[in-house]
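Trainee: mmCIF, C-alpha atoms, file model_32.cif:
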```cif
data_upload
#
loop_
_atom_site.label_atom_id
_atom_site.label_comp_id
_atom_site.auth_asym_id
_atom_site.auth_seq_id
_atom_site.Cartn_x
_atom_site.Cartn_y
_atom_site.Cartn_z
CA MET P 3 -47.66 10.56 -169.94
CA LEU P 4 -48.00 7.67 -172.36
CA PHE P 5 -46.70 9.84 -175.17
CA SER P 6 -43.52 10.69 -173.22
CA ARG P 7 -42.97 7.00 -172.46
CA TRP P 8 -43.41 6.19 -176.11
CA LEU P 9 -40.71 8.75 -176.98
CA GLY P 10 -38.43 7.41 -174.28
CA LEU P 11 -38.62 10.59 -172.21
CA ALA P 12 -40.28 9.06 -169.17
CA VAL P 13 -38.84 10.19 -165.86
CA TYR P 14 -38.03 7.48 -163.36
CA GLN P 15 -40.01 7.95 -160.16
CA TRP P 16 -38.48 6.72 -156.95
CA ARG P 17 -40.49 4.60 -154.61
CA ALA P 18 -40.53 5.63 -150.95
CA GLU P 19 -38.47 2.59 -149.92
CA GLU P 20 -35.71 3.39 -152.43
CA TYR P 21 -35.65 7.04 -151.43
CA VAL P 22 -35.43 6.33 -147.70
CA SER P 23 -32.72 3.73 -148.30
CA PHE P 24 -30.72 6.20 -150.39
CA VAL P 25 -31.04 8.98 -147.81
CA ILE P 26 -30.04 6.72 -144.91
CA GLN P 27 -26.99 5.34 -146.74
CA PHE P 28 -25.93 8.80 -147.89
CA MET P 29 -26.30 10.33 -144.42
CA LEU P 30 -24.48 7.45 -142.76
CA GLY P 31 -21.62 7.62 -145.22
CA MET P 32 -21.26 11.38 -144.95
CA GLY P 33 -21.60 11.29 -141.16
CA LEU P 34 -18.83 8.74 -140.82
CA GLY P 35 -16.75 10.52 -143.42
CA PHE P 36 -16.93 13.81 -141.56
CA GLN P 37 -15.76 12.16 -138.34
CA VAL P 38 -12.51 10.96 -139.89
CA PRO P 39 -10.91 14.44 -140.02
CA VAL P 40 -11.70 14.97 -136.34
CA ILE P 41 -10.00 11.69 -135.45
CA LEU P 42 -7.00 12.55 -137.63
CA ILE P 43 -6.62 15.98 -136.00
CA VAL P 44 -6.72 14.38 -132.55
CA LEU P 45 -3.99 11.95 -133.65
CA VAL P 46 -1.93 14.86 -134.97
CA LYS P 47 -2.32 16.74 -131.69
CA LEU P 48 -1.21 13.60 -129.82
CA ARG P 49 1.78 13.44 -132.21
CA VAL P 50 0.88 9.99 -133.48
CA LEU P 51 0.57 11.37 -137.04
CA ASP P 52 2.12 14.32 -138.81
CA TYR P 53 1.23 16.24 -141.94
CA LYS P 54 3.98 14.57 -143.99
CA LEU P 55 2.46 11.15 -143.43
CA LEU P 56 -1.01 12.46 -144.24
CA ALA P 57 0.28 14.08 -147.43
CA ARG P 58 2.02 10.86 -148.52
CA ALA P 59 -1.21 8.93 -147.96
CA ARG P 60 -3.20 11.24 -150.28
CA PRO P 61 -3.41 8.83 -153.29
CA TYR P 62 -4.69 6.05 -151.06
CA VAL P 63 -7.23 8.36 -149.44
CA ILE P 64 -8.53 9.43 -152.85
CA LEU P 65 -8.98 5.78 -153.82
CA ILE P 66 -10.69 4.99 -150.50
CA ASN P 67 -13.02 8.00 -150.83
CA LEU P 68 -14.03 7.03 -154.36
CA THR P 69 -14.54 3.40 -153.36
CA LEU P 70 -16.67 4.30 -150.35
CA SER P 71 -18.66 6.73 -152.45
CA ALA P 72 -19.30 4.03 -155.04
CA ILE P 73 -20.45 1.56 -152.39
CA LEU P 74 -22.63 3.90 -150.34
CA THR P 75 -24.43 5.69 -153.17
CA PRO P 76 -26.64 4.51 -156.02
CA PRO P 77 -24.81 3.51 -159.20
CA ASP P 78 -24.93 6.97 -160.80
CA LEU P 79 -21.85 9.12 -161.13
CA VAL P 80 -23.42 12.33 -159.82
CA SER P 81 -24.19 10.85 -156.39
CA GLN P 82 -20.72 9.35 -156.19
CA ILE P 83 -19.09 12.69 -156.97
CA MET P 84 -21.42 14.50 -154.55
CA MET P 85 -20.09 12.29 -151.80
CA ALA P 86 -16.42 11.96 -152.82
CA ILE P 87 -15.62 15.65 -153.32
CA PRO P 88 -16.62 16.85 -149.82
CA LEU P 89 -14.81 13.90 -148.25
CA GLN P 90 -11.63 14.72 -150.15
CA LEU P 91 -11.92 18.43 -149.35
CA MET P 92 -12.24 17.58 -145.66
CA TYR P 93 -9.11 15.43 -145.91
CA GLU P 94 -7.18 18.24 -147.58
CA LEU P 95 -8.32 20.62 -144.85
CA THR P 96 -7.12 18.09 -142.29
CA VAL P 97 -3.67 17.96 -143.91
CA LEU P 98 -3.54 21.76 -143.88
CA LEU P 99 -4.54 21.91 -140.21
CA ALA P 100 -1.98 19.22 -139.37
CA TRP P 101 0.70 21.30 -141.08
CA PHE P 102 -0.41 24.36 -139.11
CA PHE P 103 -0.41 22.52 -135.77
CA THR P 104 3.00 20.98 -136.46
CA ARG P 105 4.44 24.35 -137.41
CA LYS P 106 2.89 25.99 -134.37
CA SER P 107 4.31 23.37 -131.99
CA LYS P 108 7.80 23.70 -133.54
CA PHE P 109 7.58 27.47 -133.16
CA THR P 110 6.61 27.25 -129.49
CA GLN P 111 9.45 24.79 -128.87
CA GLN P 112 11.95 27.21 -130.42
CA ILE P 113 10.72 30.05 -128.21
CA GLN P 114 11.12 28.02 -125.05
#
```
Would you write the structure of this file as structure tokens?
Mentor:
Amino acid sequence: MLFSRWLGLAVYQWRAEEYVSFVIQFMLGMGLGFQVPVILIVLVKLRVLDYKLLARARPYVILINLTLSAILTPPDLVSQIMMAIPLQLMYELTVLLAWFFTRKSKFTQQIQ
């Protein structure tokens, strides 16, 4: 143990308080982040939003996702990426579903 510290190979050990704080922040951030697509889909179904608006907002959403990931995770890049990528993938899935719902509603209007 002392030898590895002397060589600079010591592994940082988390204290329980730091670990619990990290887990709570990460779960809260991901939980809130995964609710956003549900809200967006509801707004698309109510015709408040459409897929074109969601697609135009993509650069801003990427910036918001990266900013939230930087705030809610510890200052290492891996945790930030672990949070930002799923959030962005969920947004892209939301845009795809919005496109599908818009197309489906236009198709049903043409039939009637």
Trainee: Applying 8 Å and only C-alpha atoms, which residues near Trp101 of chain P remain after dropping the ones on its own chain fewer than 4 positions away? List them as a PyMOL selection string.
Mentor: chain P and resi 52-53+97+105
Trainee: Using the chain letters and numbers from this file, what does the PyMOL selection byres ((chain P and resi 81-89) around 8) select? Give the answer as a list in words.
Mentor: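 Selected by the PyMOL selection byres ((chain P and resi 81-89) around 8) here: Phe28, Met32, Gly35, Phe36, Asn67, Leu68, Ser71, Ala72, Thr75, Pro76, Pro77, Asp78, Leu79, Val80, Gln90, Leu91, Met92 and Tyr93 of chain P.
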Trainee: Applied to the shown file, which residues does the PyMOL selection byres ((chain P and resi 45) around 12) return, written as number ranges by chain?
Mentor: P: 38-44, 46-53, 55-56, 96-97, 99-100, 103-104
Trainee: To one decimal in Å, tell me the separation between atom CA of Ser23 of chain P and atom CA of Ile73 of chain P.
Mentor: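 Spanning atom CA of Ser23 of chain P to atom CA of Ile73 of chain P is a straight-line distance of 13.1 Å.
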